[in-house]
Amino acid sequence: MLEDEKENRSKRKSGTLDRFEPGCELGAIEDRGEREQRLDSLPTEQKEFAEESTCFADLCQYFAQQKMDIPPSIVERVGSVSKLPESDRIHAMKDINRELMEYLNDVGQDPGIRQ
């Protein structure tokens, strides 16, 4: 009896997570046209949040490719975005993206050789 319960739980979990696989309802969308079409179908506020989240994901991908760590203060802020009221989430993500861009700019500035 215990084995059946474990098996049912694992099926439910994998079934729920399958929605995030490429090509599924919540999976990554590689085709830019399809992505834009889905974004356009969202209400304005959700669309704006999705765009900011996409920008954040692109920045994270860049950091990973450059083998750079995202500053811990920004990681903490991203973790708290879901606790904010919906109206404040877009503003928070815009601020986070701006800070990441500023951080990249600061880190990327080579002071050169000083004599």
# chains A, B, ... in the order shown; residues from 1 in each chain; ligands from 1
$ residues_around --residues "A:Gly108" --least-positions-apart "5" --cutoff "12 Å" --atoms "only C-alpha atoms" --output "list of chain:residue names"
A:Gln66, A:Met68, A:Leu100, A:Met101, A:Glu102, A:Tyr103
$ residues_around --residues "A:Ser87" --least-positions-apart "4" --cutoff "10 Å" --atoms "only C-alpha atoms" --output "PyMOL selection string"
chain A and resi 45-46+49+91-92
$ write_last_selection --atoms "N, CA, C and O atoms" --output "mmCIF file, in the first residue's frame"
data_model
loop_
_atom_site.group_PDB
_atom_site.id
_atom_site.type_symbol
_atom_site.label_atom_id
_atom_site.label_comp_id
_atom_site.auth_asym_id
_atom_site.auth_seq_id
_atom_site.Cartn_x
_atom_site.Cartn_y
_atom_site.Cartn_z
ATOM 1 N N GLU A 45 -0.364 44.458 -17.819
ATOM 2 C CA GLU A 45 0.520 44.360 -16.659
ATOM 3 C C GLU A 45 1.325 43.053 -16.683
ATOM 4 O O GLU A 45 2.524 43.046 -16.410
ATOM 5 N N GLN A 46 0.669 41.951 -17.026
ATOM 6 C CA GLN A 46 1.367 40.666 -17.102
ATOM 7 C C GLN A 46 2.381 40.666 -18.239
ATOM 8 O O GLN A 46 3.466 40.097 -18.111
ATOM 9 N N PHE A 49 5.460 42.547 -17.091
ATOM 10 C CA PHE A 49 6.229 41.733 -16.149
ATOM 11 C C PHE A 49 6.968 40.619 -16.887
ATOM 12 O O PHE A 49 8.132 40.335 -16.598
ATOM 13 N N HIS A 91 8.062 47.154 -11.309
ATOM 14 C CA HIS A 91 9.035 48.177 -10.903
ATOM 15 C C HIS A 91 10.274 47.527 -10.282
ATOM 16 O O HIS A 91 11.405 47.930 -10.578
ATOM 17 N N ALA A 92 10.071 46.518 -9.456
ATOM 18 C CA ALA A 92 11.196 45.832 -8.813
ATOM 19 C C ALA A 92 12.088 45.154 -9.856
ATOM 20 O O ALA A 92 13.315 45.246 -9.783
#
$ select_by_dssp --residues "stretch 15-92 of chain A" --states "helix (DSSP H, G or I)" --output "number ranges by chain"
A: 15-20, 32-40, 44-65, 72-81, 86-92
$ residues_around --residues "A:Gly79" --least-positions-apart "5" --cutoff "12 Å" --atoms "only C-alpha atoms" --output "list in words"
Pro72, Ser73, Ile74, Leu84, Arg89, Ala92, Met93 and Ile96 of chain A
